[in-house]
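J.: Structure provided below as structure tokens; questions to follow.
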Amino acid sequence: MKKSLLALAVLGAFAGAAQAQSSVTLYGIIDAGITYTNNQGGNSAWQAKDGVMQGSRWGLKGAEDLGGGLKAVFDLENGFSLFSGSQLQGGREFGRQAWVGLSSATAGTFTLGRQYDSVVDYLGPLASGAQWAGYIGAHPGDNDNLNNFFRVDNSVKYTSVNYNGFSFDTLYGFSNKAGGFASNRLWSLGAGYANGPLTVGAAYLYSQNPSTTTLPSIGNTAGADTDGTFGQGATNKQIWGLGGSYAFGPATVGVVYTNVKLNGTAVPISYAPSGLEGANLRVQNVEVNGKYMLTPALQLGAAYTYTWARNDAGAKPKYHQVNLGADYWLSKRTDVYAIGIYQKAAGDAQNAEINFVGGQSSSKNQVAMRVGLRHKF
């Protein structure tokens with residue numbers, strides 16, 4: 001009897017040590033609400049939509065302590081539609097993220113899989129779309145990917161440790177094609193500094209021959225950039241930008257500039273304004289934004305974005321967009337929010353189209369309003 005008790009005690013000690021050395025966490029976000037658009041092809045629309053503030057998702061992430069400050073890490077994240085129950089990101093099981101790697105407390109983190117690029121990492125958090133305006137508040141067509149509408153397949157990524165507020169990362173996505181090493185490959189790099197009230201960031205992305213394929217083939221030889229988003233089918237896609245924000249007590253103001261170049265002719269994307277197309281398209285975006293914590297539970301936000309573009313045919317479309325938002329936290333994990341977006345087409349642009357509302361306006365103006373509930377677990 002004593003021997004049995006001793007054995008149980010030893011096993012319990014080993015189990016406790018194993019639990020202390022590794023962990024797996026189930027997490028997720030559920031985002032649902034009602035969106036009103038004043039003009040979609042000449043008609044108004046009331047729609048039940050999910051994933052506008054943030055995409056609904058669930059995921060598993062974990063770490064195992066390997067000793068000496070080294071850990072094995074992973075993240076598997078699924079995106080889904082709450083109202084239909086279907087999987088998003090082209091029906092992928094883990095379409096939002098899927099990666100594994102090694103993380104060192106002194107040398108940084110190296111990961112492999114389907115991952116976010118450096119533009120998303122360092123410029124996305126500075127834009128209103130990623131903070132409080134959601135996907136509908138992204139720059140027209142999310143042309144600069146600040147709202148991470150595409151991820152990078154077949155990628156390897158290095159992320160540095162934090163050097164007193166400074167950090168950087170770099171990513172390379174393989175084409176995986178025999179005899180086509182340069183066909184649909186992608187690389188990016190970015191850096192940022194965050195210390196006290198000041199945050200700044202800069203990033204660059206280059207995608208060569210981005211595919212029009214929206215699903216990976218067996219063995220994933222479709223390439224690095226396969227999500228069928230803005231710029232697909234161009235000879236190459238380049239995005240670079242910089243931005244910053246500064247906090248004054250409860251108020252934060254920020255500015256972001258991005259520059260997008262599509263060499264060749266890209267495939268028109270349904271959710272982007274029809275003016276953003278044509279051979280050798282160049283798009284620039286400038287956003288000025290601000291947010292204010294009116295109370296510890298209530299945040300207000302406002303932003304203005306000016307987008308201008310040109311192509312080889314001489315077309316020069318322009319867009320003005322105003323984002324307004326309010327977010328009220330019922331608890332640490334649950335909040336209710338309201339978003340209002342106004343977009344005006346100008347220059348050679350004939351129709352407005354706010355991101356992901358369901359269609360372009362029959363005129364140069366479009367308004368979208370959204371109320372929603374978000375829960376995190």
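Residue numbers start at 1 in each chain; chains themselves are named A, B, ... in the order of the structure tokens; ligands are numbered from 1 in the order shown.
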Once you count only C-alpha atoms, what closest atom pair and distance in Å to one decimal does each residue of stretch 193-250 of chain A within 8 Å of stretch 153-156 of chain A have, with rows by chain and rising residue number, as a Markdown table?

T.:
| residue | atom | partner | partner_atom | distance |
| --- | --- | --- | --- | --- |
| A:Asn220 | CA | A:Asn154 | CA | 7.6 |
| A:Gly223 | CA | A:Asp153 | CA | 6.9 |
| A:Ala224 | CA | A:Asp153 | CA | 4.5 |
| A:Asp225 | CA | A:Asp153 | CA | 6.5 |
| A:Thr226 | CA | A:Asp153 | CA | 7.5 |

J.: Could you pull out all residues of stretch 115-285 of chain A with a DSSP call of strand (DSSP E) and give them as a VMD selection string?

T.: chain A and resid 115 152 to 159 166 to 173 185 to 195 198 to 208 236 to 248 251 to 265 279 to 285

J.: Selected residues, C-alpha atoms, written as a PDB file, in the first residue's frame, please.

T.:
ATOM      1  CA  GLN A 115       1.415  33.332 -41.778  1.00  0.00           C
ATOM      2  CA  VAL A 152       1.171  33.906 -47.082  1.00  0.00           C
ATOM      3  CA  ASP A 153       1.379  30.170 -47.753  1.00  0.00           C
ATOM      4  CA  ASN A 154       4.592  28.115 -47.755  1.00  0.00           C
ATOM      5  CA  SER A 155       6.281  30.778 -45.635  1.00  0.00           C
ATOM      6  CA  VAL A 156       9.226  30.917 -43.266  1.00  0.00           C
ATOM      7  CA  LYS A 157       9.403  33.862 -40.883  1.00  0.00           C
ATOM      8  CA  TYR A 158      11.847  35.346 -38.406  1.00  0.00           C
ATOM      9  CA  THR A 159      10.705  37.740 -35.667  1.00  0.00           C
ATOM     10  CA  PHE A 166      12.445  48.143 -31.237  1.00  0.00           C
ATOM     11  CA  SER A 167      11.603  44.954 -33.140  1.00  0.00           C
ATOM     12  CA  PHE A 168      11.640  43.670 -36.717  1.00  0.00           C
ATOM     13  CA  ASP A 169      10.598  40.657 -38.758  1.00  0.00           C
ATOM     14  CA  THR A 170      11.088  39.221 -42.223  1.00  0.00           C
ATOM     15  CA  LEU A 171       9.149  36.581 -44.172  1.00  0.00           C
ATOM     16  CA  TYR A 172       9.696  34.541 -47.333  1.00  0.00           C
ATOM     17  CA  GLY A 173       6.962  32.547 -49.096  1.00  0.00           C
ATOM     18  CA  ARG A 185       6.827  33.782 -54.422  1.00  0.00           C
ATOM     19  CA  LEU A 186       6.616  36.561 -51.825  1.00  0.00           C
ATOM     20  CA  TRP A 187       8.863  38.275 -49.329  1.00  0.00           C
ATOM     21  CA  SER A 188       8.397  41.058 -46.826  1.00  0.00           C
ATOM     22  CA  LEU A 189      10.239  42.862 -44.062  1.00  0.00           C
ATOM     23  CA  GLY A 190       9.210  45.385 -41.444  1.00  0.00           C
ATOM     24  CA  ALA A 191      10.290  47.141 -38.281  1.00  0.00           C
ATOM     25  CA  GLY A 192       8.687  49.101 -35.515  1.00  0.00           C
ATOM     26  CA  TYR A 193       9.327  50.992 -32.312  1.00  0.00           C
ATOM     27  CA  ALA A 194       6.899  51.247 -29.391  1.00  0.00           C
ATOM     28  CA  ASN A 195       7.853  52.979 -26.166  1.00  0.00           C
ATOM     29  CA  LEU A 198       4.930  56.684 -29.202  1.00  0.00           C
ATOM     30  CA  THR A 199       4.515  53.906 -31.770  1.00  0.00           C
ATOM     31  CA  VAL A 200       6.037  53.923 -35.287  1.00  0.00           C
ATOM     32  CA  GLY A 201       6.274  51.297 -37.998  1.00  0.00           C
ATOM     33  CA  ALA A 202       7.470  50.704 -41.566  1.00  0.00           C
ATOM     34  CA  ALA A 203       7.183  47.709 -43.886  1.00  0.00           C
ATOM     35  CA  TYR A 204       7.672  46.458 -47.451  1.00  0.00           C
ATOM     36  CA  LEU A 205       6.145  43.522 -49.374  1.00  0.00           C
ATOM     37  CA  TYR A 206       6.973  42.098 -52.803  1.00  0.00           C
ATOM     38  CA  SER A 207       4.805  39.413 -54.428  1.00  0.00           C
ATOM     39  CA  GLN A 208       5.958  37.982 -57.760  1.00  0.00           C
ATOM     40  CA  ASN A 236       4.184  41.576 -59.424  1.00  0.00           C
ATOM     41  CA  LYS A 237       2.666  43.412 -56.483  1.00  0.00           C
ATOM     42  CA  GLN A 238       4.605  45.796 -54.245  1.00  0.00           C
ATOM     43  CA  ILE A 239       3.382  47.419 -51.035  1.00  0.00           C
ATOM     44  CA  TRP A 240       5.342  49.741 -48.799  1.00  0.00           C
ATOM     45  CA  GLY A 241       4.369  52.216 -46.136  1.00  0.00           C
ATOM     46  CA  LEU A 242       5.066  53.879 -42.836  1.00  0.00           C
ATOM     47  CA  GLY A 243       3.038  55.263 -39.984  1.00  0.00           C
ATOM     48  CA  GLY A 244       2.933  56.260 -36.368  1.00  0.00           C
ATOM     49  CA  SER A 245       0.720  57.158 -33.428  1.00  0.00           C
ATOM     50  CA  TYR A 246       1.059  59.159 -30.239  1.00  0.00           C
ATOM     51  CA  ALA A 247      -1.057  58.989 -27.087  1.00  0.00           C
ATOM     52  CA  PHE A 248      -2.013  62.073 -25.088  1.00  0.00           C
ATOM     53  CA  ALA A 251      -6.533  60.376 -26.648  1.00  0.00           C
ATOM     54  CA  THR A 252      -4.422  58.790 -29.412  1.00  0.00           C
ATOM     55  CA  VAL A 253      -3.765  60.283 -32.851  1.00  0.00           C
ATOM     56  CA  GLY A 254      -2.142  58.479 -35.766  1.00  0.00           C
ATOM     57  CA  VAL A 255      -1.230  58.687 -39.437  1.00  0.00           C
ATOM     58  CA  VAL A 256      -0.502  55.959 -42.016  1.00  0.00           C
ATOM     59  CA  TYR A 257       0.783  56.217 -45.598  1.00  0.00           C
ATOM     60  CA  THR A 258       0.892  53.271 -48.012  1.00  0.00           C
ATOM     61  CA  ASN A 259       2.012  52.935 -51.641  1.00  0.00           C
ATOM     62  CA  VAL A 260       0.853  50.032 -53.831  1.00  0.00           C
ATOM     63  CA  LYS A 261       2.227  49.149 -57.279  1.00  0.00           C
ATOM     64  CA  LEU A 262       0.762  46.486 -59.548  1.00  0.00           C
ATOM     65  CA  ASN A 263       2.926  45.821 -62.586  1.00  0.00           C
ATOM     66  CA  GLY A 264       1.006  44.200 -65.428  1.00  0.00           C
ATOM     67  CA  THR A 265      -2.765  43.799 -65.328  1.00  0.00           C
ATOM     68  CA  ALA A 279      -2.650  48.051 -66.473  1.00  0.00           C
ATOM     69  CA  ASN A 280       0.235  49.048 -64.199  1.00  0.00           C
ATOM     70  CA  LEU A 281      -1.996  50.429 -61.470  1.00  0.00           C
ATOM     71  CA  ARG A 282      -0.498  52.662 -58.764  1.00  0.00           C
ATOM     72  CA  VAL A 283      -2.478  53.329 -55.568  1.00  0.00           C
ATOM     73  CA  GLN A 284      -1.602  55.576 -52.638  1.00  0.00           C
ATOM     74  CA  ASN A 285      -3.440  55.937 -49.332  1.00  0.00           C
TER      75      ASN A 285
END

J.: Residues within 10 Å of A:Glu93, please, as a list in words. Count only C-alpha atoms; anything in the same chain fewer than 6 positions from it doesn't count.

T.: Leu76, Glu77, Asn78, Gly79, Phe80 and Gln87 of chain A

J.: Can you list every residue in stretch 64-247 of chain A that DSSP puts in helix (DSSP H, G or I), as an MDAnalysis selection string?

T.: chainID A and resid 118:122 124:126 128:133 135:137 140:142

J.: Could you check which of A:Trp99, A:Ala326, A:Asn184, A:Tyr342 is closest to A:Leu112, using only C-alpha atoms?

T.: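 Between A:Trp99, A:Ala326, A:Asn184, A:Tyr342, the residue approaching A:Leu112 most closely is A:Trp99.
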
J.: So how far away is atom CA of A:Asn164 from atom CA of A:Ser22, in Å?

T.: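 We find that atom CA of A:Ser22 and atom CA of A:Asn164 lie 27.4 Å from each other.
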
J.: Need the shell around A:Ala127: protein/DNA/RNA residues with any atom at most 9 Å away, counting only C-alpha atoms. Skip same-chain ones fewer than 3 positions apart. Format as a list in words?

T.: Leu123, Gly124, Ala130, Gln131, Trp132, Ala133, Ala138, Leu146, Asn147, Gly243, Gly254, Val255, Val256, Glu287, Val288, Asn289 and Ala303 of chain A

J.: Which residues are close to A:Gln40, i.e. within 6 Å by only C-alpha atoms, leaving aside same-chain residues fewer than 5 positions away? Reply as a list in words.

T.: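 Once the adjacent positions are removed, what remains is Gly359, Gln360 and Ser361 of chain A.
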
J.: Go through A:His375, A:His139, A:Arg370, A:Lys71 one by one, measure the shortest atom-to-atom distance of each to A:Ala48 using only C-alpha atoms, and give the residue with the smallest value.

T.: A:Arg370

J.: Considering only C-alpha atoms, can you say which of A:Leu330, A:Val119, A:Val161, A:Leu294 comes closest to A:Asn145?

T.: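 Under the stated criterion, the closest residue is A:Val119.
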
J.: Using only C-alpha atoms, can you tell me which of A:Tyr122, A:Arg151, A:Ala45, A:Leu276 comes closest to A:Phe94?

T.: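 Smallest distance to A:Phe94 is found for A:Arg151.
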
J.: Give me, please, the distance in Å between atom CA of A:Ile269 and atom CA of A:Phe230, quoted to one decimal.

T.: 6.1 Å

J.: Would you work out the distance separating atom CA of A:Ala345 from atom CA of A:Lys318, expressed in Å to one decimal?

T.: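 Distance reported for this atom pair: 5.9 Å.
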
J.: Of the candidates A:Gly249, A:Gly62, A:Gly196, A:Gly275, which shows the shortest atom-to-atom distance to A:Asn351, using only C-alpha atoms?

T.: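 Checking each candidate against A:Asn351, we get A:Gly275 as the closest.
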
J.: Find the residue from A:Asp75, A:Asp31, A:Glu64, A:Asp227 that sits nearest to A:Tyr135; use only C-alpha atoms when measuring.

T.: A:Asp31
